[in-house]
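Trainee: Here it is, the structure, as structure tokens.
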Amino acid sequence: MNFYVMTLFPEMVMQGLNTSILGRAVERGTIAIEAVNIRDYTTDKHGKVDDYTYGGGAGMLMQAQPVYDTYLAVNEMIKKKQEDARTRVIYVTPQGKTFSQDMAKELAGEGNLVFLCGHYEGIDERVLEEIVTDYVSIGDYVLTGGELPAMVMIDAIARLVPDVLHNDESAQTESFHNDLLEYPQYSRPEVWRDKAVPSILLSGNHAKVDEWRLEQSIERTKRLRPDLYEKWEARQK
Ligand code: ADE
């Protein structure tokens, strides 16, 4: 799966995503992440990508031309890799639909994804109308730019791509799968600061362990995320 990020801060995106699990997946070629600098595509001879807004108001707006030309360049990159250059273009914005695990799952099925990161007061509406297929937010708060939200989404999506995680199981069993939070987990030592690991986990009885874990997941979800618990309960019926 190929991720393209249209941004004014490509180094921020690459540094953030090229480490640890995703970095190894990139090295293996399971995923590719390319941050494309919007400033490289401006026709302004001083490298300017923003200007004042018509109608007045505070702040600067990213202009249509550099964003559109970056998009065309990304399309060319996609075409070079494969014949079918169709792709979704996600504009990360607090005005978008709230990102979720379900959305991550859906997007993980795409071959290419392009993220558009805004800065300043936003982006000229006309280029958004021209290229954007999805408007997505990571939550009801406002950040200084779209890079962190794009990185959050790419991390959540990429880990669902087959072979990115070491064993597919860890993407299956954890929090939000089946609408339940993950059960508590323990590693060595058996006793730490007078706290012992629950004895059932040392029993070797896998059926009992599974049962205990499910109980814990249910109890934890009910206590910490009653909204998720209700969803899960309704699904059981
Ligand atoms: N850009 C600024 N804030 C954002 C948010 N919460 N989600 C997505 N993009 C953003």
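So you can find residues: chains in the structure tokens are A, B, ... in the order shown, residues in each start at 1, and ligands are numbered from 1 in order.
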Within 8 Å of ligand 1, counting only C-alpha atoms and all ligand atoms, which protein or nucleic acid residues do you find, written as JSON, numbers by chain?
Mentor: {"A": [91, 92, 93, 94, 95, 96, 98, 117, 118, 119, 136, 137, 138, 139, 140, 141, 142, 143, 144, 145, 146, 147, 148, 149, 150]}
Trainee: Report the residues of range 2-233 of chain A whose backbone DSSP state falls under strand (DSSP E), written as a PyMOL selection string.
Mentor: chain A and resi 2-7+32-37+50-52+60-62+88-98+112-117+134-137+191-192+195-196
Trainee: For Pro10 in chain A, work out the shell of residues within 6 Å, counting only C-alpha atoms and skipping chain neighbours fewer than 2 positions away, then give it as a compact mmCIF listing (two decimals) with N, CA, C and O atoms, in the first residue's frame.
Mentor:
```txt
# COMPACT_ATOMS: atom_id res chain seq x y z
N THR A 7 2.41 18.14 1.73
CA THR A 7 2.68 18.89 2.96
C THR A 7 3.71 19.98 2.73
O THR A 7 4.50 19.89 1.79
N MET A 12 9.01 16.46 8.74
CA MET A 12 8.24 16.13 9.94
C MET A 12 7.50 14.80 9.75
O MET A 12 7.54 13.91 10.60
N VAL A 13 6.90 14.65 8.59
CA VAL A 13 6.14 13.44 8.30
C VAL A 13 7.07 12.24 8.19
O VAL A 13 6.82 11.17 8.76
N ALA A 35 6.47 11.74 1.32
CA ALA A 35 5.99 13.09 1.65
C ALA A 35 6.44 14.03 0.53
O ALA A 35 7.63 14.07 0.20
N ASN A 37 6.65 17.82 -1.01
CA ASN A 37 6.66 19.20 -0.54
C ASN A 37 5.87 20.11 -1.48
O ASN A 37 6.26 20.30 -2.64
```
Trainee: List the spatial neighbours of range 100-105 of chain A as a list in words - criterion: any atom at most 10 Å away, only C-alpha atoms, same-chain residues fewer than 3 positions off excluded.
Mentor: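 Residues near the query, excluding close chain neighbours: Lys97, Ala108, Gly109, Glu110, Val136, Ser137, Ile138, Gly139, Met153, Ile154, Asp155, Ala156, Ile157, Ala158, Arg159, Leu160, Val161, Ser175, Phe176, His177 and Asp179 of chain A.
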Trainee: Mind writing the picked residues with N, CA and C atoms as a PDB file, in the first residue's frame?
Mentor:
```pdb
ATOM      1  N   LYS A  97     -15.216  14.363   8.816  1.00  0.00           N
ATOM      2  CA  LYS A  97     -15.842  13.271   9.566  1.00  0.00           C
ATOM      3  C   LYS A  97     -14.792  12.739  10.547  1.00  0.00           C
ATOM      4  N   ALA A 108      -7.676   0.864   4.807  1.00  0.00           N
ATOM      5  CA  ALA A 108      -6.562  -0.089   4.669  1.00  0.00           C
ATOM      6  C   ALA A 108      -6.758  -0.987   3.453  1.00  0.00           C
ATOM      7  N   GLY A 109      -7.966  -1.014   2.901  1.00  0.00           N
ATOM      8  CA  GLY A 109      -8.236  -1.817   1.711  1.00  0.00           C
ATOM      9  C   GLY A 109      -7.881  -1.113   0.411  1.00  0.00           C
ATOM     10  N   GLU A 110      -7.490   0.154   0.490  1.00  0.00           N
ATOM     11  CA  GLU A 110      -7.141   0.912  -0.720  1.00  0.00           C
ATOM     12  C   GLU A 110      -5.687   0.602  -1.131  1.00  0.00           C
ATOM     13  N   VAL A 136     -11.539  14.476   6.582  1.00  0.00           N
ATOM     14  CA  VAL A 136     -11.446  13.680   7.809  1.00  0.00           C
ATOM     15  C   VAL A 136     -10.750  14.461   8.922  1.00  0.00           C
ATOM     16  N   SER A 137     -11.315  14.385  10.124  1.00  0.00           N
ATOM     17  CA  SER A 137     -10.764  15.020  11.329  1.00  0.00           C
ATOM     18  C   SER A 137     -10.306  13.937  12.296  1.00  0.00           C
ATOM     19  N   ILE A 138      -9.351  14.253  13.157  1.00  0.00           N
ATOM     20  CA  ILE A 138      -9.011  13.256  14.181  1.00  0.00           C
ATOM     21  C   ILE A 138      -9.688  13.564  15.513  1.00  0.00           C
ATOM     22  N   GLY A 139     -10.465  14.608  15.579  1.00  0.00           N
ATOM     23  CA  GLY A 139     -11.184  14.887  16.823  1.00  0.00           C
ATOM     24  C   GLY A 139     -11.546  16.355  16.912  1.00  0.00           C
ATOM     25  N   MET A 153      -3.438   9.070  11.273  1.00  0.00           N
ATOM     26  CA  MET A 153      -4.278   8.216  10.426  1.00  0.00           C
ATOM     27  C   MET A 153      -3.441   7.179   9.693  1.00  0.00           C
ATOM     28  N   ILE A 154      -2.282   7.581   9.183  1.00  0.00           N
ATOM     29  CA  ILE A 154      -1.434   6.638   8.442  1.00  0.00           C
ATOM     30  C   ILE A 154      -0.975   5.520   9.371  1.00  0.00           C
ATOM     31  N   ASP A 155      -0.624   5.858  10.598  1.00  0.00           N
ATOM     32  CA  ASP A 155      -0.205   4.830  11.552  1.00  0.00           C
ATOM     33  C   ASP A 155      -1.336   3.829  11.793  1.00  0.00           C
ATOM     34  N   ALA A 156      -2.525   4.357  12.031  1.00  0.00           N
ATOM     35  CA  ALA A 156      -3.668   3.479  12.325  1.00  0.00           C
ATOM     36  C   ALA A 156      -4.046   2.614  11.125  1.00  0.00           C
ATOM     37  N   ILE A 157      -3.922   3.167   9.928  1.00  0.00           N
ATOM     38  CA  ILE A 157      -4.284   2.423   8.711  1.00  0.00           C
ATOM     39  C   ILE A 157      -3.190   1.398   8.377  1.00  0.00           C
ATOM     40  N   ALA A 158      -1.932   1.847   8.421  1.00  0.00           N
ATOM     41  CA  ALA A 158      -0.824   0.986   7.971  1.00  0.00           C
ATOM     42  C   ALA A 158      -0.727  -0.277   8.810  1.00  0.00           C
ATOM     43  N   ARG A 159      -0.995  -0.185  10.105  1.00  0.00           N
ATOM     44  CA  ARG A 159      -0.838  -1.367  10.947  1.00  0.00           C
ATOM     45  C   ARG A 159      -1.895  -2.428  10.648  1.00  0.00           C
ATOM     46  N   LEU A 160      -2.931  -2.053   9.878  1.00  0.00           N
ATOM     47  CA  LEU A 160      -3.945  -3.027   9.476  1.00  0.00           C
ATOM     48  C   LEU A 160      -3.631  -3.660   8.123  1.00  0.00           C
ATOM     49  N   VAL A 161      -2.613  -3.132   7.451  1.00  0.00           N
ATOM     50  CA  VAL A 161      -2.213  -3.715   6.163  1.00  0.00           C
ATOM     51  C   VAL A 161      -1.523  -5.048   6.453  1.00  0.00           C
ATOM     52  N   SER A 175      -7.813  -3.627  21.571  1.00  0.00           N
ATOM     53  CA  SER A 175      -8.910  -2.693  21.815  1.00  0.00           C
ATOM     54  C   SER A 175      -9.638  -2.316  20.535  1.00  0.00           C
ATOM     55  N   PHE A 176     -10.949  -2.272  20.623  1.00  0.00           N
ATOM     56  CA  PHE A 176     -11.872  -1.841  19.565  1.00  0.00           C
ATOM     57  C   PHE A 176     -12.257  -2.948  18.617  1.00  0.00           C
ATOM     58  N   HIS A 177     -11.473  -4.032  18.580  1.00  0.00           N
ATOM     59  CA  HIS A 177     -11.939  -5.138  17.784  1.00  0.00           C
ATOM     60  C   HIS A 177     -13.137  -5.695  18.530  1.00  0.00           C
ATOM     61  N   ASP A 179     -15.622  -4.061  19.372  1.00  0.00           N
ATOM     62  CA  ASP A 179     -16.126  -2.986  20.240  1.00  0.00           C
ATOM     63  C   ASP A 179     -15.770  -3.154  21.712  1.00  0.00           C
TER      64      ASP A 179
END
```
Trainee: Let's see if you can do this: from backbone DSSP, list all alpha helix (DSSP H) residues in range 158-218 of chain A, as a PyMOL selection string.
Mentor: chain A and resi 158+169-173+206-218
Trainee: Which residues come within 8 Å of Arg39 in chain A, counting only C-alpha atoms, excluding same-chain residues fewer than 6 positions away, as a PyMOL selection string?
Mentor: chain A and resi 8+47-49+66
Trainee: Okay, now the selection with all heavy atoms, as a PDB file, in the first residue's frame?
Mentor:
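Output contents, as saved in result_21.pdb:
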```pdb
ATOM      1  N   LEU A   8       3.728  20.960   3.607  1.00  0.00           N
ATOM      2  CA  LEU A   8       4.807  21.957   3.603  1.00  0.00           C
ATOM      3  C   LEU A   8       5.945  21.507   4.519  1.00  0.00           C
ATOM      4  O   LEU A   8       6.986  22.146   4.571  1.00  0.00           O
ATOM      5  CB  LEU A   8       4.270  23.319   4.067  1.00  0.00           C
ATOM      6  CG  LEU A   8       3.328  24.026   3.078  1.00  0.00           C
ATOM      7  CD1 LEU A   8       2.721  25.264   3.719  1.00  0.00           C
ATOM      8  CD2 LEU A   8       4.078  24.405   1.797  1.00  0.00           C
ATOM      9  N   GLY A  47       8.968  31.328  -3.971  1.00  0.00           N
ATOM     10  CA  GLY A  47       8.588  30.109  -3.257  1.00  0.00           C
ATOM     11  C   GLY A  47       7.358  30.269  -2.377  1.00  0.00           C
ATOM     12  O   GLY A  47       7.070  29.438  -1.508  1.00  0.00           O
ATOM     13  N   LYS A  48       6.592  31.311  -2.625  1.00  0.00           N
ATOM     14  CA  LYS A  48       5.408  31.590  -1.799  1.00  0.00           C
ATOM     15  C   LYS A  48       4.277  30.601  -2.125  1.00  0.00           C
ATOM     16  O   LYS A  48       4.077  30.239  -3.274  1.00  0.00           O
ATOM     17  CB  LYS A  48       4.933  33.014  -2.089  1.00  0.00           C
ATOM     18  CG  LYS A  48       4.190  33.679  -0.960  1.00  0.00           C
ATOM     19  CD  LYS A  48       4.115  35.183  -1.156  1.00  0.00           C
ATOM     20  CE  LYS A  48       3.243  35.592  -2.328  1.00  0.00           C
ATOM     21  NZ  LYS A  48       1.811  35.579  -2.040  1.00  0.00           N
ATOM     22  N   VAL A  49       3.585  30.149  -1.098  1.00  0.00           N
ATOM     23  CA  VAL A  49       2.466  29.208  -1.307  1.00  0.00           C
ATOM     24  C   VAL A  49       1.169  29.726  -0.699  1.00  0.00           C
ATOM     25  O   VAL A  49       0.131  29.073  -0.784  1.00  0.00           O
ATOM     26  CB  VAL A  49       2.768  27.826  -0.678  1.00  0.00           C
ATOM     27  CG1 VAL A  49       3.902  27.117  -1.399  1.00  0.00           C
ATOM     28  CG2 VAL A  49       3.091  27.970   0.806  1.00  0.00           C
ATOM     29  N   PRO A  66      -0.216  25.836  -6.106  1.00  0.00           N
ATOM     30  CA  PRO A  66       0.801  24.871  -5.655  1.00  0.00           C
ATOM     31  C   PRO A  66       0.197  23.545  -5.190  1.00  0.00           C
ATOM     32  O   PRO A  66       0.781  22.474  -5.420  1.00  0.00           O
ATOM     33  CB  PRO A  66       1.519  25.582  -4.495  1.00  0.00           C
ATOM     34  CG  PRO A  66       0.767  26.823  -4.217  1.00  0.00           C
ATOM     35  CD  PRO A  66      -0.143  27.110  -5.356  1.00  0.00           C
TER      36      PRO A  66
END
```
Trainee: Provide the CA of Val127 in chain A to CA of His46 in chain A distance in Å, to one decimal place.
Mentor: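 Those two atoms sit 21.4 Å apart.
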Trainee: Enter the distance from CA of Glu182 in chain A to CA of His166 in chain A, in Å, rounded to one decimal.
Mentor: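 About the pair CA of Glu182 in chain A and CA of His166 in chain A: they are 18.4 Å apart.
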Trainee: Between A:Met6, A:Glu190, A:Thr53, A:Thr19, single out the one closest to Tyr41 in chain A, counting only C-alpha atoms.
Mentor: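 When distances to Tyr41 in chain A are compared using only C-alpha atoms, the smallest one comes from A:Met6.
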